[in-house]
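**Q** Structure in structure tokens, see below.
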Protein chains: 2
Amino acid sequence: MNKNIFIPVTTNASISEFASEIISIIRSNLTPGKLREAIGEYHEKDIAATLTSLTKEECQRLFRIMQPENIANVLEYAEHNDSYFELLGINQKTEVLFFMETSSAVELLQNLSKENRTTLLDLMRPDIRAEIKLISSFDEDEIGSKMSTNFIAVSNNSTVKVAMSELICQAAENDNISTLYVVDENKTFCGAIDLKDLIIARENTPLSDITTLSYPYLYAKMEIQDCIPFLRDYSENSIPVLDDENKLLGIVTSHDFIEILGEELNEDYVKLGGLPSEEDLAEPIFLSIKKRIPWLSILLVLGLGVSATVGLFESIVAQIPIIMCFQSLILGMAGNVGTQSLAVAIRVLMDVQIDHKQKAMLVWKEVRIGFLNGLILGVLSFVAIGGYLCIKGNAPYFSFAVAGCLGIAMNLAMMISSLSGTVIPIFLKKIGVDPAVASGPLITTINDLVAVVSYYGLSWLILLNIMHIA
Amino acid sequence: MNKNIFIPVTTNASISEFASEIISIIRSNLTPGKLREAIGEYHEKDIAATLTSLTKEECQRLFRIMQPENIANVLEYAEHNDSYFELLGINQKTEVLFFMETSSAVELLQNLSKENRTTLLDLMRPDIRAEIKLISSFDEDEIGSKMSTNFIAVSNNSTVKVAMSELICQAAENDNISTLYVVDENKTFCGAIDLKDLIIARENTPLSDITTLSYPYLYAKMEIQDCIPFLRDYSENSIPVLDDENKLLGIVTSHDFIEILGEELNEDYVKLGGLPSEEDLAEPIFLSIKKRIPWLSILLVLGLGVSATVGLFESIVAQIPIIMCFQSLILGMAGNVGTQSLAVAIRVLMDVQIDHKQKAMLVWKEVRIGFLNGLILGVLSFVAIGGYLCIKGNAPYFSFAVAGCLGIAMNLAMMISSLSGTVIPIFLKKIGVDPAVASGPLITTINDLVAVVSYYGLSWLILLNIMHIA
């Protein structure tokens, strides 16, 4: 019955302070030139944070004095940015889209009406349009949909001097310049150059001398989830993304990676609660109910199974009603131990590539810990509950017999919970089922059944059949 | 009783493939020159992955042919790197430390004996020694302990030309060159320059024209946890870290941030299981038991409280034993709904800076969802359990009376669980207690008590006192 869940703590950063300054500047009667200057002092993230507090007219006043590049950055920081985007004129729209990260532009375009989207695409530069089409061609689970097309590519047979002038020429349009990618005449990916090495190299050095050939890469059609450990392990500033013919399509920057991690984390919270997808405050209540009810129904059916099992022991409870008081305790403790084992199993499975022997070691270790912790808490419960029942006026013989059944059952249930809390995630991962969704109810139902059967089974055996208490 | 926990899926990346190639190269009888060339083809992360499979002699052979800079990178990727570091000669050690990120070097030095540490520090360049002392001076919860001292600083009254030559001069020793930091004569932080802007600027432009003055910054003594939303929201390549006098001490790069996120995530899994700190496979079993038992003991005491409450209703169960079969169902469903509300509350609290009105809206929405879901499942349970009890041979009047109590209690318990699953994390966050640790058992115990009291209370009222069934 215990649910220990992580809740991240966010702080009240001093955002609101900046935001109120920015708002009062926008509402002042400064001339456009002065206004631009004053707004230019603030970070685009802080400007984005004010948008929700501005009226439509104030947003328009703001966008009218800002450069398209800055508007693009503000919109990238803003949520629900399509409503603000709609406030721009058609020319401003195409310019803003030009400066946005392609993946952000794709997302924004998807929220517009089909008609508006087509008009805008027609007005855009052909190369940008091609990039947008490329990114939209990938499924949202594929890494290609998250990549950035904003990178610098140099030819593999140029020199440092040529690469340097290529850099200066491409830098105006590309943000990600800390790594340069080397491609051959067919655009096949050949290696990467650290900008630092390029800067300190002599002008006539052949590029191949400073090119890293062992640079890691991904394929655009790989599932995002599969790319995460890869991106984390090779902590590079950016990782190139190739098509099936090894042609360089784009890159995944560490920012993109942080965003991917954030989205995965959100999905995990959603899975944690057994919700099929994200919800927010604005979602209509009946949609929320519709989303949550299927999961609850499955849990209801599993819960009915546990209840039916408890029902098998009705006659024992009718004879010794006191034993049912401790059912919640046993089920709860089995669950708590199972959660600890699950947390450790997650930790170990997540962090390292472990082999079969290590998995077996983990299971064996958890079972022993479950047994020993169960022994300690079982003995404690035996003493505490035996004493409690005596104080409540029961005979000592009876009190400690009931407490003994409870203690032994607790020990047994805790050991088996540790086992299932370790084995089930390992097994689910092995057969390719997402353990995030499946292991919760499975482990819980098994633990509940084990706890119920061992507790009432022992009570029936010891209290009724051996000691003949009733 | 249900615990839905997220388990991340990691893939079996093709690491082992590269690793076995590297191992066979090291074990071949290539000459040192050829060996260096062959090893140079592989990424340092992949070389690091082979270390555990190599003998002491093979590691030494490998390190003897590698450059200190590469060894430093390999050691940064390796786990338990102090044992490999010990294989190096004293000169190689100081050189490797020179090339390592200061925060990694600090970590490594902490694992050495005090004597070895002092010897090495004495041999190091004074500026590097000062950086190591600076990083070690911060508490491991402070952002200063994670910062990188590897950045390029330029004076605020220089020109583009000066900054460019400064860059070329400092680039040899510094990896993080995509942002240059502007400081005044007292080292006070004045702003930041995007390398891209520097590259495309004309030689005689004053630096102030391309300096961003609204660049975000952190103070070294801030708690890491408090910096995470800040670092995430201002998605910059690196964020400067200042001392209390606004002097620039170091930077937090997006890599550092990814590492911080990873560590926080690990801590969360640990908290999830109610463990005080990380465990790994190698930890002795009695240490693991000692770590886990305090948390389990608290849960045992809370569970005893719930059991004592159930005990108050012993006489009702003695008269109508069938009702106790469904106790686990009610407690379980209340818990499941509470988990969903908690997951949504986490999602909303994490994502946006919400005000009191929005918090009240969230609570009100969750309560209504809890009530309506409870109504649906309560009616379903009423029909299903009423029917089930009839089939088992109970009188329809009795069966549906029991099922009715259950349905109403379930509805009530689900509504209150939604309320506590939303209000408790909001409240804990407000009073500054880490909700990750405290909200689990608190919510669970409250939900269990509510479910038990409403179920048995209703049974007592309706079945015994109104309908006089017994």
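Simple scheme: letters A, B, ... for chains in structure tokens order, numbers from 1 for residues in each chain, numbers from 1 for ligands in the order shown.
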I'd like the contact shell of A:Leu375 - 12 Å cut-off, only C-alpha atoms, skipping same-chain residues fewer than 3 positions apart - returned as a list in words.
**A**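 The residues satisfying every condition are Arg368, Ile369, Gly370, Phe371, Leu372, Gly378, Val379, Leu380, Ser381, Phe382, Gly404, Leu406, Gly407, Ile408, Ala409, Met410, Asn411, Leu412, Ala413, Met414 and Met415 of chain A; Ile289 and Ile293 of chain B.
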**Q** Could you find all residues in stretch 192-426 of chain B that DSSP calls helix (DSSP H, G or I) from the backbone, and write them as a PyMOL selection string?
**A** chain B and resi 195-200+207-210+224-233+254-272+285-311+314-319+321-351+356-391+396-426
**Q** Based on the backbone DSSP call, show me all residues of stretch 133-297 of chain A assigned strand (DSSP E), as JSON, numbers by chain.
**A** {"A": [151, 152, 153, 154, 155, 176, 177, 178, 179, 180, 181, 182, 183, 189, 190, 191, 192, 193, 194, 218, 219, 238, 239, 240, 241, 242, 248, 249, 250, 251, 252, 253]}
**Q** Go through B:Leu300, B:Ile22, B:Ile168, B:Pro396 one by one, measure the shortest atom-to-atom distance of each to A:Arg202 using only C-alpha atoms, and give the residue with the smallest value.
**A** B:Ile168
**Q** Need to verify the contact set: stretch 186-199 of chain B, 8 Å, only C-alpha atoms, exclusion of same-chain residues closer than 6 positions in sequence. Can you return it as a count of residues only?
**A** 23
**Q** Can you pull out every residue within 12 Å of A:Ile47, counting only C-alpha atoms, but drop anything in the same chain fewer than 4 positions away, and send it as a PyMOL selection string?
**A** (chain A and resi 15-26+38-43+51-54+59+62-63+66+70-78) or (chain B and resi 214+234)
**Q** Just give me the gap between atom CA of B:Ala334 and atom CA of B:Lys359 in Å, one decimal is fine.
**A**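 Calculated distance between atom CA of B:Ala334 and atom CA of B:Lys359 is 21.9 Å.
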**Q** Suppose you want the space between atom CA of A:Pro32 and atom CA of A:Asp46; what is it in Å?
**A**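 We find that atom CA of A:Pro32 and atom CA of A:Asp46 lie 19.8 Å from each other.
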**Q** Which residues, written as a PyMOL selection string, have at least one atom at most 12 Å from B:Tyr219, with only C-alpha atoms counted and residues fewer than 4 positions away on the same chain left out?
**A** chain B and resi 138+142-145+147+189+223-224+226-227+230+239-252
**Q** Interatomic distance between atom CA of B:Ser288 and atom CA of A:Val423?
**A**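 For atom CA of B:Ser288 relative to atom CA of A:Val423, the distance reads 18.5 Å.
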